[in-house]
Amino acid sequence: MDRSENMRAIRGKNTKPEIEVRSLVHKLGYRFRLHRPDLPGKPDLAFPARRKVIFVHGCFWHSHACKPGLIPRSNRDFWLPKLRLNKSRDRRTLKQLAREGWNALVIWECELKDTRALRQKVTRFLGRRRSASNPANESSF
Ligand SMILES: [Zn+2]
């Protein structure tokens, strides 16, 4: 990753992991909205009829408990406050979404390595998809 890529990844929209998740969810047959500005945290994917949202989090920027999520040993004074801030912002966002009646799922960048498990996770979270041949279901919300 060069520096500009790094910077993009910080507040990243349309990052590579995000695009991968979108395409996976789309292939599973779910339809969604992107970055709805009216929702806390502008979730990467939103499923308004289900009142569910998905965030795709980079392991480093959102301090995942995995290897890429480790805080670097060098420049700790620089990274620590930044990463803590991200984490508390994430917590606030999830709380606020819950208060407004939205269910949120966080997908970590490192989870993209196992697409089978990821597909299961997504399907479990979103529940049955509505078949296109039965539009009555779509309008029941
Ligand atoms: Zn991770």
# chains A, B, ... in the order shown; residues from 1 in each chain; ligands from 1
>>> residues_around(residues="stretch 21-28 of chain A", least_positions_apart="6", cutoff="12 Å", atoms="only C-alpha atoms", output="PyMOL selection string")
chain A and resi 13-15+34-35+44-47+53-57+106-131
>>> write_last_selection(atoms="N, CA and C atoms", output="compact mmCIF listing (two decimals), in the first residue's frame")
# COMPACT_ATOMS: atom_id res chain seq x y z
N LYS A 13 -14.18 4.97 1.40
CA LYS A 13 -15.38 4.53 0.70
C LYS A 13 -14.84 3.78 -0.51
N ASN A 14 -15.59 2.76 -0.91
CA ASN A 14 -15.20 2.01 -2.10
C ASN A 14 -13.80 1.41 -2.00
N THR A 15 -13.46 0.96 -0.82
CA THR A 15 -12.19 0.27 -0.66
C THR A 15 -12.34 -1.14 -1.26
N LEU A 34 -26.10 2.03 -0.77
CA LEU A 34 -24.73 2.31 -0.33
C LEU A 34 -24.65 3.62 0.45
N HIS A 35 -23.92 3.57 1.57
CA HIS A 35 -23.56 4.79 2.32
C HIS A 35 -24.71 5.74 2.55
N ASP A 44 -21.78 0.97 5.04
CA ASP A 44 -21.35 0.62 3.69
C ASP A 44 -22.49 0.01 2.88
N LEU A 45 -23.24 -0.87 3.52
CA LEU A 45 -24.41 -1.45 2.86
C LEU A 45 -25.60 -1.30 3.79
N ALA A 46 -26.74 -0.90 3.23
CA ALA A 46 -27.95 -0.80 4.04
C ALA A 46 -29.08 -1.56 3.36
N PHE A 47 -29.87 -2.24 4.20
CA PHE A 47 -30.99 -3.04 3.72
C PHE A 47 -32.24 -2.50 4.42
N VAL A 53 -27.92 -3.23 8.51
CA VAL A 53 -26.80 -2.60 7.81
C VAL A 53 -25.54 -3.46 7.98
N ILE A 54 -24.64 -3.31 7.03
CA ILE A 54 -23.36 -4.00 7.11
C ILE A 54 -22.23 -2.98 6.98
N PHE A 55 -21.26 -3.10 7.87
CA PHE A 55 -20.03 -2.32 7.76
C PHE A 55 -18.91 -3.25 7.35
N VAL A 56 -18.07 -2.76 6.46
CA VAL A 56 -16.86 -3.51 6.12
C VAL A 56 -15.69 -2.75 6.73
N HIS A 57 -15.04 -3.39 7.69
CA HIS A 57 -13.99 -2.70 8.43
C HIS A 57 -12.61 -3.23 8.09
N VAL A 106 -20.74 -6.31 11.38
CA VAL A 106 -19.42 -5.85 10.95
C VAL A 106 -18.71 -7.00 10.26
N ILE A 107 -18.27 -6.75 9.07
CA ILE A 107 -17.44 -7.73 8.36
C ILE A 107 -16.02 -7.21 8.34
N TRP A 108 -15.12 -8.03 8.84
CA TRP A 108 -13.71 -7.63 8.89
C TRP A 108 -13.00 -8.04 7.61
N GLU A 109 -12.08 -7.19 7.25
CA GLU A 109 -11.26 -7.42 6.05
C GLU A 109 -10.67 -8.83 6.02
N CYS A 110 -10.21 -9.31 7.18
CA CYS A 110 -9.56 -10.62 7.20
C CYS A 110 -10.56 -11.76 6.98
N GLU A 111 -11.84 -11.47 7.15
CA GLU A 111 -12.85 -12.51 6.94
C GLU A 111 -13.07 -12.80 5.45
N LEU A 112 -12.57 -11.91 4.62
CA LEU A 112 -12.75 -12.08 3.18
C LEU A 112 -11.97 -13.26 2.63
N LYS A 113 -11.03 -13.76 3.45
CA LYS A 113 -10.20 -14.88 3.00
C LYS A 113 -11.01 -16.16 2.92
N ASP A 114 -12.06 -16.24 3.72
CA ASP A 114 -12.89 -17.44 3.73
C ASP A 114 -14.29 -17.07 3.24
N THR A 115 -14.45 -17.08 1.92
CA THR A 115 -15.72 -16.61 1.37
C THR A 115 -16.89 -17.52 1.74
N ARG A 116 -16.60 -18.80 1.92
CA ARG A 116 -17.68 -19.71 2.28
C ARG A 116 -18.28 -19.33 3.63
N ALA A 117 -17.39 -19.13 4.61
CA ALA A 117 -17.83 -18.74 5.95
C ALA A 117 -18.52 -17.38 5.90
N LEU A 118 -17.98 -16.51 5.07
CA LEU A 118 -18.54 -15.17 4.97
C LEU A 118 -19.95 -15.20 4.38
N ARG A 119 -20.11 -16.02 3.36
CA ARG A 119 -21.45 -16.16 2.76
C ARG A 119 -22.45 -16.62 3.81
N GLN A 120 -22.02 -17.59 4.63
CA GLN A 120 -22.91 -18.11 5.68
C GLN A 120 -23.26 -17.02 6.68
N LYS A 121 -22.25 -16.26 7.05
CA LYS A 121 -22.45 -15.21 8.03
C LYS A 121 -23.46 -14.17 7.52
N VAL A 122 -23.27 -13.79 6.27
CA VAL A 122 -24.15 -12.79 5.66
C VAL A 122 -25.58 -13.32 5.58
N THR A 123 -25.72 -14.55 5.12
CA THR A 123 -27.04 -15.13 4.96
C THR A 123 -27.74 -15.27 6.32
N ARG A 124 -26.96 -15.67 7.32
CA ARG A 124 -27.54 -15.81 8.66
C ARG A 124 -28.01 -14.46 9.17
N PHE A 125 -27.23 -13.45 8.90
CA PHE A 125 -27.56 -12.12 9.39
C PHE A 125 -28.78 -11.54 8.67
N LEU A 126 -28.80 -11.67 7.36
CA LEU A 126 -29.85 -11.02 6.58
C LEU A 126 -31.14 -11.82 6.54
N GLY A 127 -31.02 -13.11 6.77
CA GLY A 127 -32.21 -13.93 6.71
C GLY A 127 -32.58 -14.27 5.29
N ARG A 128 -33.73 -14.88 5.15
CA ARG A 128 -34.16 -15.33 3.83
C ARG A 128 -34.25 -14.19 2.86
N ARG A 129 -33.74 -14.39 1.67
CA ARG A 129 -33.95 -13.32 0.70
C ARG A 129 -35.29 -13.54 0.02
N ARG A 130 -35.85 -12.43 -0.38
CA ARG A 130 -37.15 -12.50 -1.05
C ARG A 130 -36.91 -12.84 -2.50
N SER A 131 -37.70 -13.75 -2.99
CA SER A 131 -37.49 -14.12 -4.38
C SER A 131 -38.13 -13.09 -5.29
>>> residues_near_ligand(ligand="ligand 1", cutoff="8 Å", atoms="only C-alpha atoms and all ligand atoms", output="list in words")
Gly58, Cys59, Phe60, Ser63, His64, Ala65, Cys66, Lys67, Pro68, Gly69, Trp108, Glu109, Cys110 and Glu111 of chain A
>>> select_by_dssp(residues="chain A", states="strand (DSSP E or B)", output="ChimeraX atom specification")
/A:33-34,45-47,52-57,103-108
>>> closest_residue(among="A:Gly101, A:Ser88, A:Glu18, A:Arg76", to="A:Pro43", atoms="only C-alpha atoms")
A:Glu18
>>> atom_distance(atom1="atom CA of A:Tyr30", atom2="atom CA of A:Trp102")
17.1 Å
>>> atom_distance(atom1="atom CA of A:Arg33", atom2="atom CA of A:Leu85")
26.7 Å
>>> select_by_dssp(residues="stretch 47-110 of chain A", states="helix (DSSP H, G or I)", output="PDB file with N, CA, C and O atoms, in the first residue's frame")
ATOM      1  N   PRO A  48     -32.780  -1.390   3.881  1.00  0.00           N
ATOM      2  CA  PRO A  48     -33.816  -0.650   4.602  1.00  0.00           C
ATOM      3  C   PRO A  48     -35.040  -1.492   4.973  1.00  0.00           C
ATOM      4  O   PRO A  48     -35.544  -1.373   6.078  1.00  0.00           O
ATOM      5  N   ALA A  49     -35.499  -2.353   4.073  1.00  0.00           N
ATOM      6  CA  ALA A  49     -36.696  -3.137   4.368  1.00  0.00           C
ATOM      7  C   ALA A  49     -36.468  -4.075   5.547  1.00  0.00           C
ATOM      8  O   ALA A  49     -37.388  -4.404   6.280  1.00  0.00           O
ATOM      9  N   ARG A  50     -35.241  -4.493   5.738  1.00  0.00           N
ATOM     10  CA  ARG A  50     -34.924  -5.390   6.854  1.00  0.00           C
ATOM     11  C   ARG A  50     -34.424  -4.632   8.073  1.00  0.00           C
ATOM     12  O   ARG A  50     -34.177  -5.219   9.115  1.00  0.00           O
ATOM     13  N   LYS A  67      -4.078 -10.344  13.541  1.00  0.00           N
ATOM     14  CA  LYS A  67      -2.712  -9.894  13.336  1.00  0.00           C
ATOM     15  C   LYS A  67      -2.607  -8.541  12.618  1.00  0.00           C
ATOM     16  O   LYS A  67      -1.910  -7.653  13.096  1.00  0.00           O
ATOM     17  N   PRO A  68      -3.274  -8.386  11.491  1.00  0.00           N
ATOM     18  CA  PRO A  68      -3.188  -7.061  10.837  1.00  0.00           C
ATOM     19  C   PRO A  68      -3.781  -5.942  11.686  1.00  0.00           C
ATOM     20  O   PRO A  68      -3.545  -4.768  11.412  1.00  0.00           O
ATOM     21  N   GLY A  69      -4.553  -6.308  12.708  1.00  0.00           N
ATOM     22  CA  GLY A  69      -5.178  -5.302  13.548  1.00  0.00           C
ATOM     23  C   GLY A  69      -4.297  -4.808  14.682  1.00  0.00           C
ATOM     24  O   GLY A  69      -4.663  -3.894  15.410  1.00  0.00           O
ATOM     25  N   ARG A  76       3.958   4.374  18.263  1.00  0.00           N
ATOM     26  CA  ARG A  76       2.764   4.087  19.052  1.00  0.00           C
ATOM     27  C   ARG A  76       2.023   5.351  19.480  1.00  0.00           C
ATOM     28  O   ARG A  76       0.798   5.380  19.495  1.00  0.00           O
ATOM     29  N   ASP A  77       2.818   6.369  19.842  1.00  0.00           N
ATOM     30  CA  ASP A  77       2.186   7.620  20.290  1.00  0.00           C
ATOM     31  C   ASP A  77       1.363   8.250  19.181  1.00  0.00           C
ATOM     32  O   ASP A  77       0.416   8.973  19.435  1.00  0.00           O
ATOM     33  N   PHE A  78       1.784   7.971  17.973  1.00  0.00           N
ATOM     34  CA  PHE A  78       1.059   8.506  16.838  1.00  0.00           C
ATOM     35  C   PHE A  78      -0.211   7.712  16.573  1.00  0.00           C
ATOM     36  O   PHE A  78      -1.291   8.253  16.369  1.00  0.00           O
ATOM     37  N   TRP A  79      -0.074   6.398  16.582  1.00  0.00           N
ATOM     38  CA  TRP A  79      -1.192   5.541  16.193  1.00  0.00           C
ATOM     39  C   TRP A  79      -2.251   5.374  17.269  1.00  0.00           C
ATOM     40  O   TRP A  79      -3.449   5.312  16.978  1.00  0.00           O
ATOM     41  N   LEU A  80      -1.785   5.241  18.499  1.00  0.00           N
ATOM     42  CA  LEU A  80      -2.711   4.873  19.563  1.00  0.00           C
ATOM     43  C   LEU A  80      -3.941   5.779  19.662  1.00  0.00           C
ATOM     44  O   LEU A  80      -5.072   5.294  19.627  1.00  0.00           O
ATOM     45  N   PRO A  81      -3.733   7.117  19.747  1.00  0.00           N
ATOM     46  CA  PRO A  81      -4.911   7.986  19.850  1.00  0.00           C
ATOM     47  C   PRO A  81      -5.822   7.893  18.631  1.00  0.00           C
ATOM     48  O   PRO A  81      -7.053   7.874  18.768  1.00  0.00           O
ATOM     49  N   LYS A  82      -5.216   7.794  17.455  1.00  0.00           N
ATOM     50  CA  LYS A  82      -6.011   7.701  16.224  1.00  0.00           C
ATOM     51  C   LYS A  82      -6.878   6.451  16.227  1.00  0.00           C
ATOM     52  O   LYS A  82      -8.058   6.491  15.922  1.00  0.00           O
ATOM     53  N   LEU A  83      -6.238   5.341  16.566  1.00  0.00           N
ATOM     54  CA  LEU A  83      -6.952   4.078  16.494  1.00  0.00           C
ATOM     55  C   LEU A  83      -8.010   3.986  17.599  1.00  0.00           C
ATOM     56  O   LEU A  83      -9.089   3.445  17.390  1.00  0.00           O
ATOM     57  N   ARG A  84      -7.677   4.558  18.757  1.00  0.00           N
ATOM     58  CA  ARG A  84      -8.666   4.585  19.845  1.00  0.00           C
ATOM     59  C   ARG A  84      -9.883   5.398  19.441  1.00  0.00           C
ATOM     60  O   ARG A  84     -11.015   5.045  19.750  1.00  0.00           O
ATOM     61  N   LEU A  85      -9.607   6.504  18.772  1.00  0.00           N
ATOM     62  CA  LEU A  85     -10.688   7.373  18.325  1.00  0.00           C
ATOM     63  C   LEU A  85     -11.601   6.629  17.346  1.00  0.00           C
ATOM     64  O   LEU A  85     -12.826   6.678  17.458  1.00  0.00           O
ATOM     65  N   ASN A  86     -10.985   5.935  16.411  1.00  0.00           N
ATOM     66  CA  ASN A  86     -11.772   5.139  15.458  1.00  0.00           C
ATOM     67  C   ASN A  86     -12.659   4.145  16.190  1.00  0.00           C
ATOM     68  O   ASN A  86     -13.824   3.983  15.872  1.00  0.00           O
ATOM     69  N   LYS A  87     -12.067   3.473  17.166  1.00  0.00           N
ATOM     70  CA  LYS A  87     -12.784   2.436  17.869  1.00  0.00           C
ATOM     71  C   LYS A  87     -13.973   3.003  18.646  1.00  0.00           C
ATOM     72  O   LYS A  87     -15.057   2.433  18.635  1.00  0.00           O
ATOM     73  N   SER A  88     -13.743   4.147  19.291  1.00  0.00           N
ATOM     74  CA  SER A  88     -14.853   4.699  20.066  1.00  0.00           C
ATOM     75  C   SER A  88     -15.925   5.244  19.126  1.00  0.00           C
ATOM     76  O   SER A  88     -17.109   5.177  19.431  1.00  0.00           O
ATOM     77  N   ARG A  89     -15.491   5.749  17.976  1.00  0.00           N
ATOM     78  CA  ARG A  89     -16.477   6.203  16.992  1.00  0.00           C
ATOM     79  C   ARG A  89     -17.319   5.019  16.515  1.00  0.00           C
ATOM     80  O   ARG A  89     -18.542   5.109  16.401  1.00  0.00           O
ATOM     81  N   ASP A  90     -16.665   3.892  16.249  1.00  0.00           N
ATOM     82  CA  ASP A  90     -17.397   2.693  15.825  1.00  0.00           C
ATOM     83  C   ASP A  90     -18.421   2.268  16.869  1.00  0.00           C
ATOM     84  O   ASP A  90     -19.551   1.930  16.546  1.00  0.00           O
ATOM     85  N   ARG A  91     -17.976   2.298  18.131  1.00  0.00           N
ATOM     86  CA  ARG A  91     -18.885   1.890  19.210  1.00  0.00           C
ATOM     87  C   ARG A  91     -20.098   2.793  19.265  1.00  0.00           C
ATOM     88  O   ARG A  91     -21.226   2.331  19.392  1.00  0.00           O
ATOM     89  N   ARG A  92     -19.847   4.098  19.175  1.00  0.00           N
ATOM     90  CA  ARG A  92     -20.951   5.064  19.202  1.00  0.00           C
ATOM     91  C   ARG A  92     -21.919   4.829  18.053  1.00  0.00           C
ATOM     92  O   ARG A  92     -23.121   4.839  18.227  1.00  0.00           O
ATOM     93  N   THR A  93     -21.362   4.610  16.883  1.00  0.00           N
ATOM     94  CA  THR A  93     -22.191   4.387  15.696  1.00  0.00           C
ATOM     95  C   THR A  93     -23.102   3.178  15.887  1.00  0.00           C
ATOM     96  O   THR A  93     -24.296   3.247  15.622  1.00  0.00           O
ATOM     97  N   LEU A  94     -22.526   2.079  16.381  1.00  0.00           N
ATOM     98  CA  LEU A  94     -23.314   0.860  16.550  1.00  0.00           C
ATOM     99  C   LEU A  94     -24.417   1.060  17.581  1.00  0.00           C
ATOM    100  O   LEU A  94     -25.538   0.590  17.415  1.00  0.00           O
ATOM    101  N   LYS A  95     -24.089   1.787  18.644  1.00  0.00           N
ATOM    102  CA  LYS A  95     -25.078   2.053  19.682  1.00  0.00           C
ATOM    103  C   LYS A  95     -26.235   2.874  19.132  1.00  0.00           C
ATOM    104  O   LYS A  95     -27.398   2.600  19.393  1.00  0.00           O
ATOM    105  N   GLN A  96     -25.861   3.896  18.378  1.00  0.00           N
ATOM    106  CA  GLN A  96     -26.877   4.790  17.834  1.00  0.00           C
ATOM    107  C   GLN A  96     -27.777   4.062  16.838  1.00  0.00           C
ATOM    108  O   GLN A  96     -28.995   4.247  16.839  1.00  0.00           O
ATOM    109  N   LEU A  97     -27.181   3.222  16.034  1.00  0.00           N
ATOM    110  CA  LEU A  97     -27.971   2.430  15.088  1.00  0.00           C
ATOM    111  C   LEU A  97     -28.957   1.542  15.844  1.00  0.00           C
ATOM    112  O   LEU A  97     -30.125   1.453  15.484  1.00  0.00           O
ATOM    113  N   ALA A  98     -28.471   0.908  16.898  1.00  0.00           N
ATOM    114  CA  ALA A  98     -29.324   0.027  17.689  1.00  0.00           C
ATOM    115  C   ALA A  98     -30.497   0.812  18.287  1.00  0.00           C
ATOM    116  O   ALA A  98     -31.634   0.344  18.291  1.00  0.00           O
ATOM    117  N   ARG A  99     -30.177   2.008  18.778  1.00  0.00           N
ATOM    118  CA  ARG A  99     -31.237   2.852  19.342  1.00  0.00           C
ATOM    119  C   ARG A  99     -32.307   3.169  18.308  1.00  0.00           C
ATOM    120  O   ARG A  99     -33.475   3.280  18.625  1.00  0.00           O
ATOM    121  N   GLU A 109     -12.075  -7.188   7.246  1.00  0.00           N
ATOM    122  CA  GLU A 109     -11.258  -7.419   6.050  1.00  0.00           C
ATOM    123  C   GLU A 109     -10.672  -8.831   6.018  1.00  0.00           C
ATOM    124  O   GLU A 109     -10.664  -9.490   4.985  1.00  0.00           O
ATOM    125  N   CYS A 110     -10.208  -9.308   7.178  1.00  0.00           N
ATOM    126  CA  CYS A 110      -9.558 -10.620   7.199  1.00  0.00           C
ATOM    127  C   CYS A 110     -10.558 -11.755   6.978  1.00  0.00           C
ATOM    128  O   CYS A 110     -10.166 -12.871   6.664  1.00  0.00           O
TER     129      CYS A 110
END
